[in-house]
Structure formats: C-alpha cells, structure tokens
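For reference, data09.txt is printed below; it contains compact mmCIF, C-alpha atoms and all ligand atoms.
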# COMPACT_ATOMS: atom_id res chain seq x y z
CA MET D 486 -30.43 51.19 -0.40
CA PRO D 487 -33.41 52.23 1.72
CA GLU D 488 -34.05 49.93 4.63
CA PHE D 489 -36.66 47.13 4.39
CA THR D 490 -39.13 47.86 7.18
CA GLY D 491 -41.66 45.07 6.66
CA THR D 492 -41.74 41.92 8.75
CA PHE D 493 -41.53 38.30 7.76
CA ALA D 494 -40.79 35.02 9.49
CA SER D 495 -37.68 33.30 8.18
CA LYS D 496 -38.35 29.92 6.62
CA LEU D 497 -34.91 28.79 7.80
CA PRO D 498 -34.65 30.44 11.23
CA ARG D 499 -31.73 28.28 12.36
CA SER D 500 -29.62 28.77 9.23
CA GLY D 501 -27.03 31.50 9.14
CA THR D 502 -24.07 31.75 6.79
CA THR D 503 -22.74 28.25 6.11
CA ILE D 504 -19.72 27.08 8.06
CA PHE D 505 -17.82 26.73 4.76
CA THR D 506 -18.22 30.43 4.03
CA VAL D 507 -17.36 31.33 7.64
CA MET D 508 -14.18 29.20 7.77
CA SER D 509 -13.02 30.20 4.29
CA ALA D 510 -13.49 33.89 5.20
CA LEU D 511 -11.55 33.38 8.44
CA ALA D 512 -8.82 31.54 6.53
CA ASN D 513 -8.54 34.50 4.14
CA GLU D 514 -8.52 37.04 6.97
CA CYS D 515 -5.74 35.17 8.79
CA GLY D 516 -3.80 34.18 5.66
CA ALA D 517 -4.29 30.56 6.76
CA ILE D 518 -3.98 27.45 4.59
CA ASN D 519 -7.54 26.56 3.72
CA LEU D 520 -8.25 22.85 4.19
CA SER D 521 -11.82 23.63 5.24
CA GLN D 522 -14.00 23.86 2.15
CA GLY D 523 -14.04 20.80 -0.13
CA PHE D 524 -12.53 21.93 -3.38
CA PRO D 525 -9.31 21.05 -5.23
CA ASN D 526 -6.68 23.78 -5.52
CA PHE D 527 -5.14 22.18 -8.58
CA PRO D 528 -6.23 23.10 -12.11
CA ALA D 529 -8.91 21.43 -14.22
CA SER D 530 -7.71 19.71 -17.41
CA THR D 531 -6.77 22.18 -20.14
CA ASP D 532 -8.31 19.76 -22.68
CA LEU D 533 -11.65 20.06 -20.91
CA ILE D 534 -11.35 23.86 -20.72
CA ASP D 535 -10.49 23.93 -24.46
CA LEU D 536 -13.60 21.85 -25.20
CA VAL D 537 -15.78 24.38 -23.33
CA THR D 538 -14.16 27.26 -25.27
CA LYS D 539 -14.68 25.35 -28.52
CA ALA D 540 -18.36 24.78 -27.69
CA MET D 541 -18.85 28.47 -26.91
CA LYS D 542 -17.13 29.51 -30.16
CA ALA D 543 -19.26 26.98 -32.06
CA GLY D 544 -22.35 28.81 -30.83
CA TYR D 545 -23.63 26.69 -27.95
CA ASN D 546 -24.54 29.75 -25.97
CA GLN D 547 -28.33 29.49 -25.67
CA TYR D 548 -30.55 27.34 -23.46
CA ALA D 549 -29.84 23.63 -23.54
CA PRO D 550 -32.74 21.16 -23.62
CA MET D 551 -34.46 21.02 -20.21
CA ALA D 552 -33.19 17.55 -19.27
CA GLY D 553 -29.70 18.08 -20.74
CA ILE D 554 -28.21 17.55 -24.18
CA LEU D 555 -28.78 13.99 -25.40
CA PRO D 556 -25.13 13.13 -26.23
CA LEU D 557 -24.20 13.84 -22.61
CA ARG D 558 -27.07 11.75 -21.27
CA GLU D 559 -25.99 8.97 -23.62
CA VAL D 560 -22.41 8.86 -22.32
CA ILE D 561 -23.74 8.94 -18.75
CA ALA D 562 -25.97 5.93 -19.55
CA GLU D 563 -22.97 4.12 -21.04
CA LYS D 564 -20.89 4.82 -17.96
CA MET D 565 -23.61 3.51 -15.62
CA GLN D 566 -23.81 0.33 -17.67
CA ASP D 567 -20.00 -0.12 -17.75
CA LEU D 568 -19.35 0.58 -14.10
CA TYR D 569 -22.43 -0.76 -12.34
CA GLY D 570 -24.28 -2.90 -14.91
CA ALA D 571 -27.26 -0.54 -14.56
CA ALA D 572 -29.47 0.34 -17.54
CA TYR D 573 -30.73 3.94 -17.47
CA HIS D 574 -32.68 5.26 -20.45
CA PRO D 575 -30.89 8.43 -21.63
CA GLU D 576 -34.10 10.16 -22.65
CA LYS D 577 -36.34 9.21 -19.75
CA GLU D 578 -34.20 8.44 -16.73
CA ILE D 579 -31.27 10.88 -16.75
CA THR D 580 -31.35 14.65 -16.11
CA VAL D 581 -28.37 16.99 -16.16
CA THR D 582 -28.44 19.44 -13.23
CA SER D 583 -26.62 22.52 -12.01
CA GLY D 584 -24.54 20.54 -9.52
CA GLY D 585 -25.35 17.81 -7.06
CA THR D 586 -26.93 20.37 -4.71
CA GLN D 587 -29.62 21.31 -7.21
CA ALA D 588 -30.34 17.64 -7.90
CA ILE D 589 -30.77 16.96 -4.16
CA TYR D 590 -32.98 20.04 -3.70
CA THR D 591 -35.11 19.12 -6.70
CA ALA D 592 -35.57 15.47 -5.66
CA ILE D 593 -36.67 16.53 -2.17
CA THR D 594 -38.91 19.30 -3.48
CA CYS D 595 -40.73 17.07 -5.94
CA LEU D 596 -41.64 14.43 -3.34
CA VAL D 597 -41.80 15.87 0.16
CA ARG D 598 -45.05 17.43 1.43
CA GLU D 599 -45.97 19.09 4.72
CA GLY D 600 -45.32 16.63 7.55
CA ASP D 601 -43.55 13.97 5.45
CA GLU D 602 -40.55 12.46 7.18
CA VAL D 603 -37.08 12.17 5.67
CA VAL D 604 -34.49 9.95 7.35
CA VAL D 605 -31.09 11.64 7.45
CA PHE D 606 -27.87 10.12 8.80
CA GLU D 607 -25.87 12.62 10.81
CA PRO D 608 -23.25 14.02 10.56
CA ALA D 609 -24.75 15.05 7.22
CA TYR D 610 -23.77 17.29 4.34
CA ASP D 611 -25.30 20.64 5.13
CA CYS D 612 -27.76 21.14 2.25
CA TYR D 613 -30.01 18.18 3.16
CA VAL D 614 -31.93 19.42 6.20
CA PRO D 615 -32.70 22.94 4.87
CA ALA D 616 -34.11 21.45 1.65
CA ILE D 617 -36.34 19.10 3.68
CA GLU D 618 -37.54 21.94 5.90
CA LEU D 619 -38.24 24.31 2.99
CA ALA D 620 -40.50 21.58 1.55
CA GLY D 621 -42.37 21.38 4.87
CA GLY D 622 -40.86 17.99 5.67
CA VAL D 623 -39.52 16.73 8.96
CA PRO D 624 -35.90 15.55 9.18
CA VAL D 625 -35.67 12.33 11.20
CA ARG D 626 -32.10 12.04 12.36
CA VAL D 627 -30.13 8.82 12.75
CA PRO D 628 -26.77 9.49 14.41
CA LEU D 629 -23.59 7.91 13.10
CA GLU D 630 -21.32 7.50 16.09
CA TYR D 631 -17.62 8.30 16.35
CA PRO D 632 -15.19 6.64 15.60
CA ASP D 633 -16.66 4.19 13.05
CA TYR D 634 -19.74 6.18 12.01
CA GLY D 635 -21.42 2.89 11.03
CA ILE D 636 -25.17 2.51 10.41
CA ASP D 637 -27.20 1.27 13.38
CA TRP D 638 -29.84 -0.66 11.40
CA GLU D 639 -31.93 -1.45 14.44
CA LEU D 640 -32.24 2.27 15.09
CA VAL D 641 -33.09 2.95 11.43
CA LYS D 642 -35.91 0.39 11.64
CA LYS D 643 -37.32 2.21 14.67
CA LYS D 644 -37.21 5.55 12.86
CA ILE D 645 -39.17 4.52 9.76
CA ASN D 646 -42.96 4.43 9.58
CA SER D 647 -45.81 5.17 7.19
CA ARG D 648 -44.86 8.88 7.11
CA THR D 649 -41.30 8.16 5.89
CA ARG D 650 -41.15 9.58 2.38
CA ILE D 651 -37.39 9.46 1.70
CA ILE D 652 -34.30 7.83 3.16
CA LEU D 653 -31.37 10.06 2.26
CA ILE D 654 -27.98 8.36 2.09
CA ASN D 655 -24.48 9.47 1.11
CA THR D 656 -21.61 7.18 0.18
CA PRO D 657 -18.65 7.80 0.15
CA HIS D 658 -19.53 10.09 2.99
CA ASN D 659 -18.89 13.75 3.65
CA PRO D 660 -17.70 14.59 6.33
CA THR D 661 -16.59 11.25 7.82
CA GLY D 662 -14.80 9.67 4.82
CA THR D 663 -16.60 6.34 5.41
CA ALA D 664 -18.26 4.25 2.70
CA TRP D 665 -21.27 1.93 2.71
CA SER D 666 -20.65 -1.81 2.39
CA ARG D 667 -22.60 -4.35 0.38
CA GLU D 668 -24.19 -5.49 3.65
CA ASP D 669 -25.45 -1.95 4.31
CA MET D 670 -27.02 -1.83 0.85
CA LEU D 671 -28.67 -5.22 1.31
CA GLU D 672 -30.05 -4.07 4.66
CA LEU D 673 -31.46 -0.91 3.07
CA GLU D 674 -32.96 -2.99 0.28
CA LYS D 675 -34.60 -5.26 2.86
CA ILE D 676 -36.13 -2.56 5.04
CA THR D 677 -37.51 -0.56 2.10
CA SER D 678 -38.88 -3.62 0.29
CA GLY D 679 -42.67 -3.55 -0.07
CA THR D 680 -42.90 0.10 1.07
CA ASP D 681 -43.45 3.41 -0.75
CA MET D 682 -40.21 4.87 0.56
CA VAL D 683 -37.89 6.50 -1.94
CA VAL D 684 -34.12 6.48 -1.51
CA LEU D 685 -32.18 9.62 -2.35
CA SER D 686 -28.58 8.52 -2.77
CA ASP D 687 -25.88 11.18 -2.85
CA GLU D 688 -22.97 9.53 -4.65
CA VAL D 689 -20.95 12.58 -5.67
CA TYR D 690 -17.71 10.91 -4.46
CA GLU D 691 -18.35 7.69 -6.45
CA HIS D 692 -14.78 7.68 -7.85
CA ILE D 693 -12.96 8.57 -4.65
CA LEU D 694 -12.53 5.28 -2.77
CA PHE D 695 -9.36 3.81 -1.31
CA ASP D 696 -7.58 0.57 -0.44
CA GLY D 697 -9.25 -1.36 -3.24
CA LEU D 698 -12.81 -0.68 -2.01
CA LYS D 699 -15.48 -0.66 -4.73
CA HIS D 700 -18.22 1.94 -4.80
CA GLU D 701 -21.54 0.51 -3.68
CA SER D 702 -24.06 2.41 -5.77
CA VAL D 703 -27.74 1.86 -5.05
CA CYS D 704 -28.15 1.15 -8.77
CA LYS D 705 -26.33 -2.19 -8.31
CA TYR D 706 -29.26 -3.43 -6.20
CA PRO D 707 -32.42 -3.85 -8.30
CA GLY D 708 -34.77 -3.39 -5.31
CA LEU D 709 -33.04 -0.09 -4.51
CA ALA D 710 -32.50 1.13 -8.07
CA ALA D 711 -36.27 0.85 -8.62
CA ARG D 712 -36.96 3.36 -5.82
CA SER D 713 -33.91 5.65 -5.97
CA PHE D 714 -32.83 9.04 -7.13
CA ILE D 715 -29.04 8.96 -7.50
CA VAL D 716 -27.05 12.18 -7.54
CA PHE D 717 -23.61 12.71 -9.11
CA SER D 718 -21.36 15.75 -9.55
CA PHE D 719 -18.97 16.60 -12.39
CA GLY D 720 -17.35 19.07 -10.03
CA LYS D 721 -15.90 16.29 -7.85
CA THR D 722 -14.86 14.09 -10.75
CA TYR D 723 -13.17 16.68 -12.97
CA HIS D 724 -11.80 19.17 -10.38
CA THR D 725 -14.37 21.75 -11.53
CA THR D 726 -16.51 22.45 -8.46
CA GLY D 727 -16.98 26.06 -9.64
CA TRP D 728 -18.86 24.92 -12.74
CA LYS D 729 -21.72 23.50 -10.65
CA MET D 730 -22.63 20.65 -12.97
CA GLY D 731 -24.07 17.28 -12.03
CA TYR D 732 -26.77 14.80 -12.92
CA CYS D 733 -29.56 12.78 -11.44
CA LEU D 734 -30.79 9.30 -12.34
CA ALA D 735 -34.09 7.65 -11.43
CA PRO D 736 -36.68 5.26 -12.86
CA GLU D 737 -38.97 6.91 -15.40
CA ALA D 738 -41.94 7.73 -13.14
CA LEU D 739 -39.73 9.36 -10.49
CA MET D 740 -37.70 11.21 -13.11
CA ALA D 741 -40.86 12.59 -14.76
CA GLU D 742 -41.85 14.12 -11.40
CA PHE D 743 -38.28 15.40 -10.83
CA ARG D 744 -38.37 17.20 -14.19
CA LYS D 745 -41.64 18.94 -13.34
CA CYS D 746 -39.74 20.76 -10.59
CA HIS D 747 -36.39 20.96 -12.39
CA GLN D 748 -37.94 22.95 -15.24
CA PHE D 749 -39.09 25.67 -12.83
CA ILE D 750 -36.04 25.69 -10.57
CA VAL D 751 -33.34 26.12 -13.24
CA PHE D 752 -35.00 24.96 -16.47
CA CYS D 753 -31.61 23.77 -17.76
CA SER D 754 -27.88 23.79 -17.05
CA SER D 755 -24.95 25.39 -18.91
CA ALA D 756 -25.10 24.41 -22.59
CA PRO D 757 -21.40 24.78 -23.59
CA VAL D 758 -20.22 22.88 -20.51
CA GLN D 759 -22.58 20.02 -21.38
CA VAL D 760 -21.26 19.88 -24.95
CA ALA D 761 -17.69 19.75 -23.63
CA LEU D 762 -18.44 17.10 -21.01
CA ALA D 763 -20.21 14.87 -23.55
CA GLU D 764 -16.91 14.72 -25.45
CA TYR D 765 -14.56 14.60 -22.47
CA MET D 766 -16.44 11.82 -20.67
CA LYS D 767 -15.59 9.45 -23.50
CA GLN D 768 -12.05 9.33 -22.07
CA LYS D 769 -12.85 6.78 -19.40
CA ASP D 770 -9.35 6.79 -17.92
CA LYS D 771 -9.99 10.33 -16.63
CA TYR D 772 -12.44 9.08 -14.02
CA LEU D 773 -11.02 5.58 -13.65
CA GLU D 774 -7.67 6.97 -12.46
CA LEU D 775 -9.26 9.09 -9.72
CA PRO D 776 -9.06 6.52 -6.88
CA GLN D 777 -5.27 6.18 -7.29
CA PHE D 778 -4.86 9.93 -7.63
CA TYR D 779 -6.68 10.67 -4.38
CA GLN D 780 -5.33 7.65 -2.52
CA ARG D 781 -1.84 9.05 -3.11
CA LYS D 782 -2.98 12.38 -1.66
CA ARG D 783 -4.58 10.76 1.39
CA ASP D 784 -1.51 8.59 2.02
CA TYR D 785 0.85 11.53 1.59
CA PHE D 786 -1.13 13.75 3.96
CA LEU D 787 -1.22 11.01 6.62
CA LYS D 788 2.48 10.24 6.16
CA LEU D 789 3.29 13.92 6.68
CA LEU D 790 1.28 13.84 9.91
CA ALA D 791 3.21 10.88 11.36
CA GLY D 792 4.54 11.94 14.74
CA SER D 793 1.82 14.55 15.26
CA GLU D 794 -0.50 14.50 18.27
CA PHE D 795 -3.55 13.95 16.05
CA THR D 796 -5.12 10.49 15.88
CA TYR D 797 -7.19 9.18 12.99
CA LYS D 798 -8.64 6.31 11.03
CA PRO D 799 -7.62 6.66 7.37
CA ALA D 800 -10.58 7.79 5.25
CA SER D 801 -12.12 5.03 3.10
CA GLY D 802 -13.42 7.50 0.55
CA SER D 803 -14.15 11.17 -0.34
CA TYR D 804 -11.39 13.79 -0.16
CA PHE D 805 -11.79 14.42 3.55
CA GLN D 806 -9.75 13.13 6.47
CA LEU D 807 -10.98 13.43 10.04
CA LEU D 808 -8.38 14.13 12.70
CA ASN D 809 -9.00 13.72 16.43
CA TYR D 810 -7.24 16.38 18.53
CA GLU D 811 -8.07 15.23 22.08
CA LYS D 812 -4.38 14.78 22.88
CA ILE D 813 -3.84 18.46 22.06
CA SER D 814 -6.85 20.25 23.53
CA GLU D 815 -10.09 19.78 25.45
CA GLU D 816 -11.76 22.70 23.69
CA LYS D 817 -15.01 22.30 21.76
CA ASP D 818 -14.33 21.58 18.10
CA THR D 819 -15.84 24.90 16.98
CA ASP D 820 -13.50 26.83 19.31
CA PHE D 821 -10.48 24.71 18.48
CA ALA D 822 -11.06 25.09 14.71
CA VAL D 823 -11.11 28.89 15.05
CA ARG D 824 -7.98 28.92 17.23
CA LEU D 825 -6.21 26.55 14.83
CA THR D 826 -6.96 28.94 11.97
CA ARG D 827 -5.92 32.07 13.84
CA GLU D 828 -2.86 30.80 15.72
CA SER D 829 -1.52 27.97 13.58
CA GLY D 830 -2.72 29.11 10.17
CA VAL D 831 -4.66 25.98 9.12
CA ALA D 832 -8.42 26.14 8.50
CA SER D 833 -10.59 23.03 8.91
CA ILE D 834 -14.26 22.26 9.58
CA PRO D 835 -15.44 21.25 13.08
CA VAL D 836 -17.46 18.04 12.64
CA SER D 837 -20.14 19.03 15.18
CA VAL D 838 -21.60 21.50 12.67
CA PHE D 839 -22.83 18.53 10.64
CA TYR D 840 -24.78 17.21 13.66
CA ASN D 841 -27.87 18.28 15.49
CA HIS D 842 -27.09 16.40 18.69
CA PRO D 843 -24.43 17.10 21.29
CA ASP D 844 -21.30 15.45 20.01
CA GLU D 845 -18.41 15.16 22.41
CA ALA D 846 -15.90 13.82 19.90
CA ARG D 847 -12.98 16.16 19.36
CA VAL D 848 -12.79 15.87 15.60
CA LEU D 849 -12.00 18.21 12.70
CA ARG D 850 -12.44 17.61 8.97
CA PHE D 851 -9.51 18.39 6.63
CA CYS D 852 -9.78 18.45 2.82
CA PHE D 853 -6.72 16.84 1.20
CA ALA D 854 -7.67 17.72 -2.41
CA LYS D 855 -4.70 20.08 -2.44
CA THR D 856 -1.26 20.24 -4.08
CA ASP D 857 1.52 18.41 -2.27
CA GLU D 858 3.13 21.73 -1.44
CA ILE D 859 0.01 22.95 0.41
CA LEU D 860 -0.33 19.63 2.22
CA GLU D 861 3.33 19.86 3.29
CA GLN D 862 2.92 23.40 4.62
CA ALA D 863 -0.28 22.49 6.48
CA ALA D 864 1.27 19.35 7.98
CA GLU D 865 4.31 21.27 9.20
CA ARG D 866 2.00 23.60 11.14
CA LEU D 867 -0.14 20.73 12.47
CA LEU D 868 2.97 18.81 13.61
CA SER D 869 4.02 21.65 15.87
CA LEU D 870 0.80 21.44 17.95
CA LYS D 871 1.30 20.03 21.42
CA LYS D 872 -0.80 20.16 24.58
N1 LIG A 901 -23.11 16.15 -1.72
C1 LIG A 901 -21.98 16.11 -1.01
C2 LIG A 901 -21.81 15.02 -0.02
C3 LIG A 901 -20.99 17.08 -1.20
O1 LIG A 901 -19.87 17.04 -0.47
C4 LIG A 901 -21.20 18.10 -2.16
C5 LIG A 901 -20.20 19.19 -2.42
N2 LIG A 901 -19.42 19.56 -1.36
C6 LIG A 901 -22.40 18.09 -2.88
C7 LIG A 901 -23.32 17.11 -2.64
C8 LIG A 901 -22.72 19.17 -3.88
O2 LIG A 901 -22.16 18.97 -5.11
P1 LIG A 901 -22.14 20.16 -6.19
O3 LIG A 901 -20.98 21.04 -5.89
O4 LIG A 901 -22.05 19.45 -7.50
O5 LIG A 901 -23.45 20.89 -6.03
Produce structure tokens that represent the structure in this file.
Amino acid sequence: MPEFTGTFASKLPRSGTTIFTVMSALANECGAINLSQGFPNFPASTDLIDLVTKAMKAGYNQYAPMAGILPLREVIAEKMQDLYGAAYHPEKEITVTSGGTQAIYTAITCLVREGDEVVVFEPAYDCYVPAIELAGGVPVRVPLEYPDYGIDWELVKKKINSRTRIILINTPHNPTGTAWSREDMLELEKITSGTDMVVLSDEVYEHILFDGLKHESVCKYPGLAARSFIVFSFGKTYHTTGWKMGYCLAPEALMAEFRKCHQFIVFCSSAPVQVALAEYMKQKDKYLELPQFYQRKRDYFLKLLAGSEFTYKPASGSYFQLLNYEKISEEKDTDFAVRLTRESGVASIPVSVFYNHPDEARVLRFCFAKTDEILEQAAERLLSLKK
C-alpha cells in the first residue's frame, strides 16, 4: 500500500488501541490465562445457535426493519413489564441495536452538541468518553473512590448546570462490580427533576447481581424513565458477546431522535439473529437463572483465592471481581498487570485505565465468566504470588 502523505488532526488524540486489545494480545503472546477482557469462555446455548441457523435457512438473510423485527421488540416489551413493571411501546419506544456500544454511541450522538456537558462516573467503561468527544461534548467526571466506589451526590450536584445534557450511569458497574441502590436512584430522580437533563443508563449487566440484590433499573422510577435511554446487551445475557446485539429503550420523543441517527449509523442489526432471539427470549428461565449461575462463579473464584495475598470486597454485580494487590507489590497497576501476565501467566485489566485522575489504589479487574477449570488454573497462579 502506498503511504498516506496528507495531514489530519486526530479527533481522538488521546485514544490508542484499547487496553482490552493490548492485554488480550499480551495474554496470547505469553500463553497466559486471559481474565482481562469481559467475555465468557463457555459456549452459547446450542438451541439458540440452532434457531439462528433455522432463521438463515428460512431466508432471513436480508435487511431487517430499521428499528428491529417486531416480534423481538414485543418480547422485550413483555420482559420489561414482567421484570420492572415498565410499559414500553414495542413500535415506538424500543430499538434493536448492534450491541450495547452502538446504542450508547447513538444515544450520545443524537443529543450532544458542541460544548454540551455529559456527567460520567469514573472509573467508567471505555466507550463513553470517546463517544462524547466525537460529538463535540465535554465529559464532566465524577470520581468513584476506592474501596466502595459509591456516588458522592453532593459532588454530582456541584457538577451539573444548565449545560448538562446527559448524566451517564452504569449499574451493575464495569469495572468495579458495584450496583446502584434504590436511594441512589431516588437521588438521581430528585436532582434531575424539573430539568432538561437526559439520563443514559447502561444496564447491560441487569441479570448479573448477587446476594439477593435486585437490579435497580431507571425504568422503575417514573421521573427517571421519562427522561432515560436504557441500554441492554444480548451478548452479556446469552454468552454471545461476539454477536454484538443489544437494544435501547426510551420514551417516544427521545426514541424518534435516536432512530434518526441509528438509521445512518447501522440502519439495522442482524436479521437472522433477531428472529432467533425473538423465539429464544420466550424461555424466561434462561435469563432468570443468570444471577445464580454467576454468583456460583464469583463465589468459586473467591473461594479458590482464600489464602492468597490479594484483598477484595466481593462484587455485587457484573462478571468482574476487583483484587487489591498492595500486600504483594507497590508497582503501578499498569506495570503490575503486565508483569503478572508475563511472569505468572494471568492477564487482568489495571483499573486506572478507566480513570482520568491519578488513582493510587493498587487494584486489578479480573473477569470470572470462565469455566471452573480456567478459574482453578488462574487461582493456582495467583495464590503463589508473595511480596
Ligand atoms: N457497557 C458495559 C458496561 C460493558 O461492559 C459492555 C461490554 N463490555 C458494553 C456496554 C458493550 O456491550 P456490547 O458488547 O453489547 O456492545
């Protein structure tokens, strides 16, 4: 390929290759166990795969309707009613997307203009800030502090003003494994009441909550539901992150604006996968059993780590567990994560990459959505680490 000799200014000058790609590549290079990137290493249901094959053989191989096939939007509406008592109109208030990431990008793109502010709680999932910046918006960061990572509502109140366009929240939370309480939701409802602020609520881990906790969706709070985009991901729920399928819900006026952008970003998402999911989602036990399934994994991983030098608070939700390594090393988390991959053969994600402020906590994020065998091998290596 001849070299490009023109000049241009990057629109994302601070973004390089994502940490997930970097750590996964390093894990491959070193033959390490990869607990860095958040994806299950166990198979998706063969019934679901068969339904996709069946849909392809039945001819669902052309563009789906822009907002998603109606039967899928109908089962999504039914699920929202069953689980959260929330009424979303399948035709006007639900759009099927190519993953949660596209839904988040589209919601930000359709609302944020040059100079608009978006409140982001950090550490934050890494696609939020670039999407805000590409839209010309300004990320306004609210730090969540180690070890509880709770919301400092007084600080949030100081950060919002007439330029605040969106408050972006995520519960259960990646990377910290925390979850919002009812009190947090009520506080958010109170501070947004009577304003034009929109809430963008990333709820892709809605079914992964532990110790009897219930998912606090913004749609359970009428004052929030009326101003919220809510984002979900089939990838997290059905162990199919590679399919990149999700959906977004919002009141009609917000959803109409969302679709104006959606139609030009992707137009529509995979038709055969939608046909299969519309059928598969009718089996409610498949998502209702997820909390127990992942709680067993979290508990097993932590039990295997008993006696190690790592300290932790058990995750309340998501499939991530943070481990503090200060008894093992004083190194920066980015350095320690690389050394852990190279020398001990376990890849993780250093939590400071999800922050934009100097974070002194010595914490790494481990994904426990793995087979027991992989968790056992990883734990054996982690147990051997001493100062
Ligand atoms: N939000 C959070 C918090 C996530 O962890 C992820 C996936 N890692 C996404 C959104 C993106 O979901 P999807 O893969 O469906 O795009």
Name the residues, by chain letter and number, that sit within 7 Å of ligand LIG 901 (chain A) using only C-alpha atoms and all ligand atoms, and give them as a list in words.
Gly523, Ser583, Gly584, Gly585, Thr586, Gln587, Tyr610, Asn655, His658, Asn659, Asp687, Val689, Ser718, Phe719, Gly720, Lys721, Thr726, Lys729, Met730 and Gly731 of chain D
With only C-alpha atoms as the basis for distance, which of D:Lys496, D:Lys539, D:Lys564, D:Arg626 is at the shortest distance from Gln768 of chain D?
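Of the candidates, the smallest distance to Gln768 of chain D is held by D:Lys564.
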Proximity to Ser754 of chain D - best of D:Asn841, D:Gln806, D:Thr582, D:Thr490, all atoms listed in the file:
D:Thr582
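For the pair atom CA of Pro776 of chain D and atom CA of Glu578 of chain D, the separation is 27.1 Å.
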I'd like the contact shell of segment 741-746 of chain D - 10 Å cut-off, all atoms listed in the file, skipping same-chain residues fewer than 4 positions apart - returned as a ChimeraX atom specification.
/D:551-552,577-580,588,590-596,714,733-737,750-752
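For the atom pair formed by atom CA of Tyr569 of chain D and atom CA of Pro550 of chain D, the distance is 26.7 Å, given to one decimal.
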